[in-house]
>>> print(open('upload-v3.cif').read())   # mmCIF, C-alpha atoms and all ligand atoms
data_protein
#
loop_
_atom_site.label_atom_id
_atom_site.label_comp_id
_atom_site.auth_asym_id
_atom_site.auth_seq_id
_atom_site.Cartn_x
_atom_site.Cartn_y
_atom_site.Cartn_z
CA MET A 1 -7.35 -14.35 -8.72
CA ALA A 2 -5.80 -17.35 -10.43
CA GLU A 3 -6.23 -20.71 -8.74
CA PRO A 4 -2.99 -21.26 -6.80
CA PRO A 5 -1.15 -24.52 -6.45
CA PRO A 6 -1.89 -25.61 -2.86
CA SER A 7 1.70 -25.11 -1.66
CA SER A 8 2.09 -21.51 -2.88
CA SER A 9 -0.74 -20.08 -0.77
CA SER A 10 1.11 -20.89 2.44
CA SER A 11 4.01 -18.58 1.54
CA ARG A 12 1.71 -15.58 0.92
CA ARG A 13 0.43 -13.26 3.57
CA ARG A 14 -2.82 -14.56 4.99
CA LEU A 15 -5.40 -11.81 5.20
CA LYS A 16 -8.38 -11.42 7.47
CA ILE A 17 -11.20 -10.54 5.12
CA GLY A 18 -14.62 -9.37 6.24
CA ILE A 19 -17.52 -9.80 3.82
CA ILE A 20 -20.65 -7.67 4.10
CA GLY A 21 -23.50 -9.25 2.15
CA PHE A 22 -23.22 -13.01 2.31
CA GLY A 23 -25.65 -13.65 -0.54
CA PRO A 24 -24.96 -15.72 -3.66
CA PHE A 25 -22.00 -13.63 -4.81
CA GLY A 26 -20.48 -13.14 -1.36
CA GLN A 27 -20.60 -16.91 -0.83
CA PHE A 28 -19.10 -17.55 -4.25
CA LEU A 29 -16.22 -15.14 -3.61
CA SER A 30 -15.58 -16.56 -0.18
CA LYS A 31 -14.93 -20.07 -1.54
CA THR A 32 -12.03 -18.87 -3.69
CA ILE A 33 -10.73 -16.55 -0.96
CA LEU A 34 -10.65 -19.48 1.47
CA LYS A 35 -8.80 -21.64 -1.06
CA HIS A 36 -6.06 -19.00 -1.04
CA GLY A 37 -5.60 -19.51 2.69
CA HIS A 38 -7.23 -16.29 3.94
CA THR A 39 -9.69 -16.22 6.82
CA ILE A 40 -13.18 -14.77 6.50
CA THR A 41 -15.65 -13.09 8.81
CA ALA A 42 -19.06 -12.34 7.34
CA THR A 43 -22.25 -10.47 8.11
CA SER A 44 -25.52 -10.16 6.24
CA ARG A 45 -29.13 -9.20 6.67
CA THR A 46 -30.23 -12.85 6.75
CA ASP A 47 -28.80 -15.36 9.20
CA HIS A 48 -26.39 -17.43 7.09
CA SER A 49 -24.55 -18.74 10.14
CA HIS A 50 -25.03 -22.46 9.37
CA LEU A 51 -23.73 -22.19 5.85
CA ALA A 52 -20.88 -19.96 7.04
CA SER A 53 -19.87 -22.38 9.76
CA ASP A 54 -19.84 -25.27 7.23
CA LEU A 55 -17.31 -23.27 5.23
CA GLY A 56 -15.23 -22.35 8.30
CA ILE A 57 -16.34 -18.72 8.27
CA SER A 58 -17.27 -16.84 11.43
CA PHE A 59 -20.63 -15.17 10.95
CA HIS A 60 -21.80 -12.13 12.90
CA ARG A 61 -25.50 -11.50 13.11
CA ASP A 62 -24.89 -7.94 14.18
CA MET A 63 -22.85 -5.30 12.38
CA ASN A 64 -21.06 -4.21 15.58
CA GLY A 65 -19.42 -7.60 16.12
CA PHE A 66 -18.44 -7.69 12.46
CA VAL A 67 -16.84 -4.24 12.46
CA GLU A 68 -15.03 -4.97 15.72
CA ALA A 69 -13.46 -8.11 14.21
CA ASP A 70 -9.88 -7.52 13.18
CA ASN A 71 -10.33 -7.29 9.40
CA ASP A 72 -7.49 -6.28 7.07
CA VAL A 73 -9.94 -5.91 4.23
CA ILE A 74 -13.70 -5.34 4.16
CA LEU A 75 -15.38 -6.61 1.02
CA ILE A 76 -18.76 -5.09 0.25
CA SER A 77 -20.94 -7.57 -1.62
CA THR A 78 -24.39 -6.36 -0.72
CA SER A 79 -27.03 -5.60 -3.36
CA ILE A 80 -26.69 -2.31 -5.22
CA VAL A 81 -29.93 -0.96 -3.83
CA SER A 82 -29.07 -1.77 -0.21
CA LEU A 83 -25.53 -0.31 -0.29
CA SER A 84 -26.34 2.99 1.34
CA ASP A 85 -28.43 1.49 4.18
CA VAL A 86 -25.93 -1.27 4.85
CA VAL A 87 -22.82 0.92 4.87
CA SER A 88 -24.55 3.67 6.84
CA SER A 89 -25.22 1.16 9.61
CA MET A 90 -21.51 0.48 10.11
CA PRO A 91 -20.00 1.86 13.35
CA PHE A 92 -16.70 2.95 11.76
CA HIS A 93 -15.34 4.13 15.11
CA SER A 94 -15.15 0.45 16.13
CA LEU A 95 -12.80 -0.50 13.29
CA LYS A 96 -9.67 -2.18 14.65
CA ARG A 97 -7.45 -0.44 12.11
CA ALA A 98 -7.94 3.02 10.66
CA ALA A 99 -6.33 2.12 7.34
CA THR A 100 -8.70 -0.74 6.54
CA LEU A 101 -8.95 -1.48 2.84
CA PHE A 102 -12.55 -1.42 1.59
CA VAL A 103 -13.32 -3.24 -1.65
CA ASP A 104 -16.70 -3.17 -3.32
CA VAL A 105 -17.81 -5.63 -6.00
CA LEU A 106 -21.03 -3.94 -7.08
CA SER A 107 -22.05 -4.31 -10.72
CA VAL A 108 -22.32 -0.54 -11.14
CA LYS A 109 -19.27 1.55 -10.37
CA GLU A 110 -19.74 5.34 -10.28
CA TYR A 111 -22.44 5.17 -7.65
CA PRO A 112 -20.51 3.13 -5.02
CA LYS A 113 -17.35 5.14 -5.71
CA GLU A 114 -19.07 8.47 -5.03
CA PHE A 115 -21.01 7.16 -2.07
CA LEU A 116 -18.14 5.32 -0.40
CA LEU A 117 -15.82 8.30 -0.83
CA GLN A 118 -18.33 10.33 1.12
CA VAL A 119 -18.94 7.95 3.99
CA LEU A 120 -15.84 5.83 4.58
CA PRO A 121 -13.30 7.03 7.14
CA PRO A 122 -10.77 9.23 5.32
CA GLU A 123 -7.81 7.09 6.40
CA SER A 124 -9.24 3.96 4.80
CA ASP A 125 -8.24 2.77 1.34
CA LEU A 126 -10.82 2.07 -1.34
CA LEU A 127 -10.74 -0.27 -4.30
CA CYS A 128 -13.83 -0.27 -6.53
CA THR A 129 -14.08 -3.46 -8.54
CA HIS A 130 -16.39 -5.41 -10.77
CA PRO A 131 -15.60 -9.06 -11.29
CA MET A 132 -17.11 -9.69 -14.74
CA PHE A 133 -18.23 -13.16 -13.75
CA GLY A 134 -20.46 -14.83 -11.24
CA PRO A 135 -21.16 -18.15 -9.57
CA GLU A 136 -22.04 -19.72 -12.93
CA SER A 137 -19.42 -18.31 -15.27
CA GLY A 138 -16.72 -18.54 -12.59
CA ARG A 139 -17.72 -21.99 -11.43
CA ASP A 140 -14.60 -23.69 -12.84
CA GLY A 141 -12.14 -21.06 -11.60
CA TRP A 142 -11.38 -17.42 -12.34
CA ASN A 143 -8.43 -17.93 -14.67
CA GLY A 144 -8.65 -15.67 -17.72
CA LEU A 145 -11.90 -14.01 -16.61
CA ASN A 146 -12.11 -10.23 -16.61
CA PHE A 147 -12.03 -8.40 -13.26
CA MET A 148 -12.33 -4.61 -13.54
CA TYR A 149 -10.96 -2.42 -10.74
CA GLU A 150 -10.12 1.20 -9.94
CA LYS A 151 -7.88 2.12 -7.04
CA VAL A 152 -9.84 5.06 -5.77
CA ARG A 153 -7.93 5.81 -2.61
CA GLY A 154 -4.76 4.29 -1.23
CA CYS A 155 -1.40 3.28 -2.57
CA LYS A 156 -0.65 3.51 -6.27
CA MET A 157 0.35 0.18 -7.76
CA LEU A 158 3.14 0.38 -10.35
CA GLU A 159 4.02 -2.40 -12.70
CA MET A 160 7.71 -2.53 -13.62
CA SER A 161 10.52 -5.02 -13.93
CA CYS A 162 12.58 -5.77 -10.83
CA GLU A 163 15.69 -4.58 -12.70
CA GLU A 164 14.11 -1.22 -13.52
CA HIS A 165 12.97 -0.92 -9.90
CA ASP A 166 16.50 -1.52 -8.58
CA LYS A 167 17.99 1.02 -10.99
CA LEU A 168 15.51 3.71 -9.97
CA ALA A 169 15.65 2.85 -6.26
CA ALA A 170 19.47 3.03 -6.20
CA ARG A 171 19.26 6.60 -7.51
CA SER A 172 16.40 7.59 -5.21
CA GLN A 173 15.98 5.48 -2.07
CA PHE A 174 19.58 4.32 -1.58
CA LEU A 175 20.91 7.81 -2.34
CA THR A 176 18.46 9.31 0.17
CA HIS A 177 19.60 6.91 2.86
CA ALA A 178 23.29 7.40 2.05
CA VAL A 179 22.98 11.18 2.35
CA GLY A 180 20.87 10.90 5.51
CA ARG A 181 23.42 8.56 7.13
CA THR A 182 26.28 10.88 6.12
CA LEU A 183 24.51 13.83 7.74
CA SER A 184 24.03 11.69 10.83
CA GLU A 185 27.79 10.95 10.94
CA MET A 186 28.25 14.75 10.94
CA LYS A 187 25.78 14.93 13.86
CA ILE A 188 23.83 17.80 12.34
CA GLU A 189 21.19 19.31 14.66
CA SER A 190 18.64 22.11 14.38
CA THR A 191 19.99 25.56 15.19
CA SER A 192 18.26 28.77 16.22
CA ILE A 193 18.72 30.14 12.69
CA ASP A 194 17.62 27.15 10.60
CA THR A 195 16.66 27.77 7.01
CA LYS A 196 13.84 25.69 5.52
CA ASN A 197 16.39 23.76 3.47
CA PHE A 198 18.46 22.98 6.55
CA GLN A 199 15.34 21.80 8.36
CA SER A 200 14.80 19.42 5.44
CA LEU A 201 18.30 18.05 5.96
CA VAL A 202 17.66 17.51 9.68
CA LYS A 203 14.40 15.74 8.83
CA LEU A 204 16.20 13.61 6.27
CA LYS A 205 18.82 12.64 8.85
CA GLU A 206 16.14 11.79 11.39
CA SER A 207 13.91 9.79 9.08
CA THR A 208 16.69 7.74 7.51
CA THR A 209 18.31 6.84 10.83
CA LYS A 210 14.97 5.68 12.20
CA ASP A 211 15.20 2.78 9.75
CA SER A 212 17.50 -0.04 10.80
CA PHE A 213 21.08 -0.21 9.63
CA ASP A 214 20.23 -3.66 8.24
CA LEU A 215 17.74 -2.02 5.90
CA PHE A 216 20.36 0.47 4.68
CA CYS A 217 22.91 -2.31 4.31
CA GLY A 218 20.43 -4.47 2.37
CA LEU A 219 19.74 -1.60 -0.05
CA PHE A 220 23.46 -1.59 -0.83
CA VAL A 221 24.42 -5.25 -0.69
CA HIS A 222 21.50 -6.61 -2.67
CA ASN A 223 21.17 -3.89 -5.28
CA LYS A 224 23.99 -4.00 -7.79
CA TYR A 225 23.22 -0.46 -8.99
CA ALA A 226 23.81 0.98 -5.50
CA ARG A 227 27.61 0.58 -5.81
CA GLU A 228 27.62 2.82 -8.86
CA GLU A 229 25.46 5.42 -7.13
CA LEU A 230 27.77 5.44 -4.11
CA LYS A 231 30.67 6.05 -6.48
CA ASN A 232 28.68 8.79 -8.24
CA LEU A 233 28.06 10.41 -4.86
CA GLU A 234 31.76 10.37 -4.00
CA VAL A 235 32.74 11.73 -7.44
CA ALA A 236 30.06 14.42 -7.23
CA PHE A 237 31.29 15.45 -3.78
CA GLN A 238 34.88 15.64 -5.04
CA ASN A 239 33.72 17.73 -8.05
CA VAL A 240 31.87 20.18 -5.82
CA LYS A 241 34.91 20.41 -3.53
CA ARG A 242 37.23 20.95 -6.50
CA LYS A 243 35.00 23.72 -7.88
CA LEU A 244 35.01 25.46 -4.52
CA LEU A 245 38.78 25.19 -4.17
CA ASP A 246 39.27 26.36 -7.78
CA GLY A 247 36.98 29.31 -7.09
CA MET A 248 38.88 30.13 -3.92
CA SER A 249 42.28 30.03 -5.60
CA LYS A 250 41.02 32.23 -8.47
CA LYS A 251 39.77 34.81 -5.96
CA LEU A 252 43.07 34.68 -4.07
CA ASP A 253 45.06 35.07 -7.32
CA LEU A 254 42.93 38.08 -8.24
CA SER A 255 43.38 39.75 -4.88
CA VAL A 256 47.17 39.14 -4.98
CA SER A 257 47.44 40.62 -8.51
CA ASN A 258 45.32 43.65 -7.45
CA HIS A 259 47.75 44.55 -4.67
P1 LIG A 301 -27.85 -9.28 -4.95
O1 LIG A 301 -29.29 -9.59 -4.91
O2 LIG A 301 -27.41 -8.21 -5.83
O3 LIG A 301 -27.36 -9.01 -3.45
C1 LIG A 301 -27.66 -9.93 -2.44
C2 LIG A 301 -27.02 -9.46 -1.17
O4 LIG A 301 -27.52 -8.20 -0.76
C3 LIG A 301 -27.26 -10.42 -0.04
O5 LIG A 301 -26.13 -10.51 0.73
C4 LIG A 301 -28.39 -9.76 0.73
O6 LIG A 301 -28.36 -10.09 2.08
C5 LIG A 301 -28.07 -8.31 0.56
N1 LIG A 301 -29.25 -7.45 0.67
C6 LIG A 301 -30.25 -7.32 -0.23
N2 LIG A 301 -31.15 -6.41 0.20
C7 LIG A 301 -30.74 -5.96 1.42
C8 LIG A 301 -31.23 -5.05 2.37
N3 LIG A 301 -32.34 -4.37 2.17
N4 LIG A 301 -30.51 -4.84 3.49
C9 LIG A 301 -29.37 -5.51 3.71
N5 LIG A 301 -28.86 -6.42 2.84
C10 LIG A 301 -29.51 -6.64 1.71
O7 LIG A 301 -27.13 -10.69 -5.36
P2 LIG A 301 -25.59 -11.15 -5.43
O8 LIG A 301 -25.47 -11.95 -6.66
O9 LIG A 301 -25.21 -11.79 -4.13
O10 LIG A 301 -24.71 -9.83 -5.63
C11 LIG A 301 -24.07 -9.17 -4.58
C12 LIG A 301 -23.29 -7.99 -5.14
O11 LIG A 301 -22.30 -8.47 -6.06
C13 LIG A 301 -24.18 -7.04 -5.93
O12 LIG A 301 -23.80 -5.71 -5.66
C14 LIG A 301 -23.89 -7.40 -7.38
O13 LIG A 301 -24.08 -6.30 -8.25
C15 LIG A 301 -22.45 -7.82 -7.31
N6 LIG A 301 -22.01 -8.76 -8.33
C16 LIG A 301 -22.72 -9.89 -8.57
C17 LIG A 301 -22.30 -10.76 -9.56
C18 LIG A 301 -23.05 -12.03 -9.85
O14 LIG A 301 -22.76 -12.68 -10.85
N7 LIG A 301 -23.96 -12.45 -9.00
C19 LIG A 301 -21.15 -10.48 -10.31
C20 LIG A 301 -20.41 -9.34 -10.00
C21 LIG A 301 -20.86 -8.49 -9.02
P3 LIG A 301 -28.96 -11.45 2.65
O15 LIG A 301 -28.38 -12.55 1.84
O16 LIG A 301 -28.45 -11.46 4.03
O17 LIG A 301 -30.43 -11.34 2.56
#
>>> encode(input="upload-v3.cif", output="structure tokens")
Amino acid sequence: MAEPPPSSSSSRRRLKIGIIGFGPFGQFLSKTILKHGHTITATSRTDHSHLASDLGISFHRDMNGFVEADNDVILISTSIVSLSDVVSSMPFHSLKRAATLFVDVLSVKEYPKEFLLQVLPPESDLLCTHPMFGPESGRDGWNGLNFMYEKVRGCKMLEMSCEEHDKLAARSQFLTHAVGRTLSEMKIESTSIDTKNFQSLVKLKESTTKDSFDLFCGLFVHNKYAREELKNLEVAFQNVKRKLLDGMSKKLDLSVSNH
């Protein structure tokens, strides 16, 4: 995490981050996390409630209260050797959100990955990381310091230019919505003799019309490549229609000449 200018943190989404293991490293991480405008809840074996309260962090002495807090992310910063005991004591059924993101910062990586994959709720996401710095080496900020991570479970992050994104999305997402909306204009519905492919069309119609029209409109208005794809769709439809009509007239010509 680079040190942000104070004004930029306010425009980012503020996360509720829970830290398990409020020892030297957990405390160190929390100072930078707080600077970025996020809120922190912590728990640990030892009572660190005074220190936590000085920093503006709510500290839970018991794991239940911690897990019940509404955390977007749970950061595991306990010692390597205590990982299994600490995580096994978590009442996962009390999590406020099933898709909580768990992040570990342990200095070994295969072990927590294997263990956490086994014990975390299957709906949760998991990021295994190792910040290659500590309270000393990261004392003056984290800029330029190495921070290793593996996204073990959860969404796949893709780095690409915004232009490349818009090009690809016009041909995939906008096209999907345009076809779905067209099918909706035709009022297609399931029939008693649906094929699998037709069921896919009905699903496409249903899923695209569940999104707001504003979303569809935005995909068109604010993506310059969408205009071209709409034109391509119209041209493609005309081509298919022309091929059908050509085929029909050839068949008719043949049957006339055969009589
Ligand atoms: P650590 O000695 O590795 O871990 C201390 C933390 O573990 C404290 O929160 C402590 O709780 C907890 N703990 C220890 N034994 C426990 C037990 N039996 N049951 C429950 N909790 C127990 O020191 P650390 O520097 O804070 O490191 C924390 C994690 O970050 C480690 O996994 C480490 O590998 C990783 N890490 C550290 C650095 C670094 O430079 N320090 C850098 C990258 C990653 P209490 O405080 O409540 O006693």
>>> atom_distance(input="upload-v3.cif", atom1="atom CA of A:Lys203", atom2="atom CA of A:Thr182")
13.1 Å
>>> closest_residue(input="upload-v3.cif", among="A:Ala52, A:Ile74, A:Ile80, A:Ile17", to="ligand LIG 301 (chain A)", atoms="all atoms listed in the file")
A:Ile80
>>> atom_distance(input="upload-v3.cif", atom1="atom CA of A:Asp62", atom2="atom CA of A:Ser84")
16.9 Å
>>> atom_distance(input="upload-v3.cif", atom1="atom CA of A:Leu245", atom2="atom CA of A:Ala226")
28.5 Å
>>> residues_near_ligand(input="upload-v3.cif", ligand="ligand LIG 301 (chain A)", cutoff="9 Å", atoms="all atoms listed in the file", output="mmCIF file with C-alpha atoms, keeping the file's coordinate frame")
data_model
loop_
_atom_site.group_PDB
_atom_site.id
_atom_site.type_symbol
_atom_site.label_atom_id
_atom_site.label_comp_id
_atom_site.auth_asym_id
_atom_site.auth_seq_id
_atom_site.Cartn_x
_atom_site.Cartn_y
_atom_site.Cartn_z
ATOM 1 C CA ILE A 20 -20.650 -7.670 4.100
ATOM 2 C CA GLY A 21 -23.500 -9.250 2.150
ATOM 3 C CA PHE A 22 -23.220 -13.010 2.310
ATOM 4 C CA GLY A 23 -25.650 -13.650 -0.540
ATOM 5 C CA PRO A 24 -24.960 -15.720 -3.660
ATOM 6 C CA PHE A 25 -22.000 -13.630 -4.810
ATOM 7 C CA GLY A 26 -20.480 -13.140 -1.360
ATOM 8 C CA GLN A 27 -20.600 -16.910 -0.830
ATOM 9 C CA PHE A 28 -19.100 -17.550 -4.250
ATOM 10 C CA THR A 43 -22.250 -10.470 8.110
ATOM 11 C CA SER A 44 -25.520 -10.160 6.240
ATOM 12 C CA ARG A 45 -29.130 -9.200 6.670
ATOM 13 C CA THR A 46 -30.230 -12.850 6.750
ATOM 14 C CA ASP A 47 -28.800 -15.360 9.200
ATOM 15 C CA HIS A 48 -26.390 -17.430 7.090
ATOM 16 C CA ILE A 76 -18.760 -5.090 0.250
ATOM 17 C CA SER A 77 -20.940 -7.570 -1.620
ATOM 18 C CA THR A 78 -24.390 -6.360 -0.720
ATOM 19 C CA SER A 79 -27.030 -5.600 -3.360
ATOM 20 C CA ILE A 80 -26.690 -2.310 -5.220
ATOM 21 C CA VAL A 81 -29.930 -0.960 -3.830
ATOM 22 C CA SER A 82 -29.070 -1.770 -0.210
ATOM 23 C CA LEU A 83 -25.530 -0.310 -0.290
ATOM 24 C CA ASP A 85 -28.430 1.490 4.180
ATOM 25 C CA VAL A 86 -25.930 -1.270 4.850
ATOM 26 C CA ASP A 104 -16.700 -3.170 -3.320
ATOM 27 C CA VAL A 105 -17.810 -5.630 -6.000
ATOM 28 C CA LEU A 106 -21.030 -3.940 -7.080
ATOM 29 C CA SER A 107 -22.050 -4.310 -10.720
ATOM 30 C CA VAL A 108 -22.320 -0.540 -11.140
ATOM 31 C CA THR A 129 -14.080 -3.460 -8.540
ATOM 32 C CA HIS A 130 -16.390 -5.410 -10.770
ATOM 33 C CA PRO A 131 -15.600 -9.060 -11.290
ATOM 34 C CA MET A 132 -17.110 -9.690 -14.740
ATOM 35 C CA PHE A 133 -18.230 -13.160 -13.750
ATOM 36 C CA GLY A 134 -20.460 -14.830 -11.240
ATOM 37 C CA PRO A 135 -21.160 -18.150 -9.570
ATOM 38 C CA GLU A 136 -22.040 -19.720 -12.930
ATOM 39 C CA SER A 137 -19.420 -18.310 -15.270
ATOM 40 C CA GLY A 138 -16.720 -18.540 -12.590
#
>>> closest_residue(input="upload-v3.cif", among="A:Leu215, A:Leu233, A:Ala42, A:Leu101", to="A:Val179", atoms="only C-alpha atoms")
A:Leu233
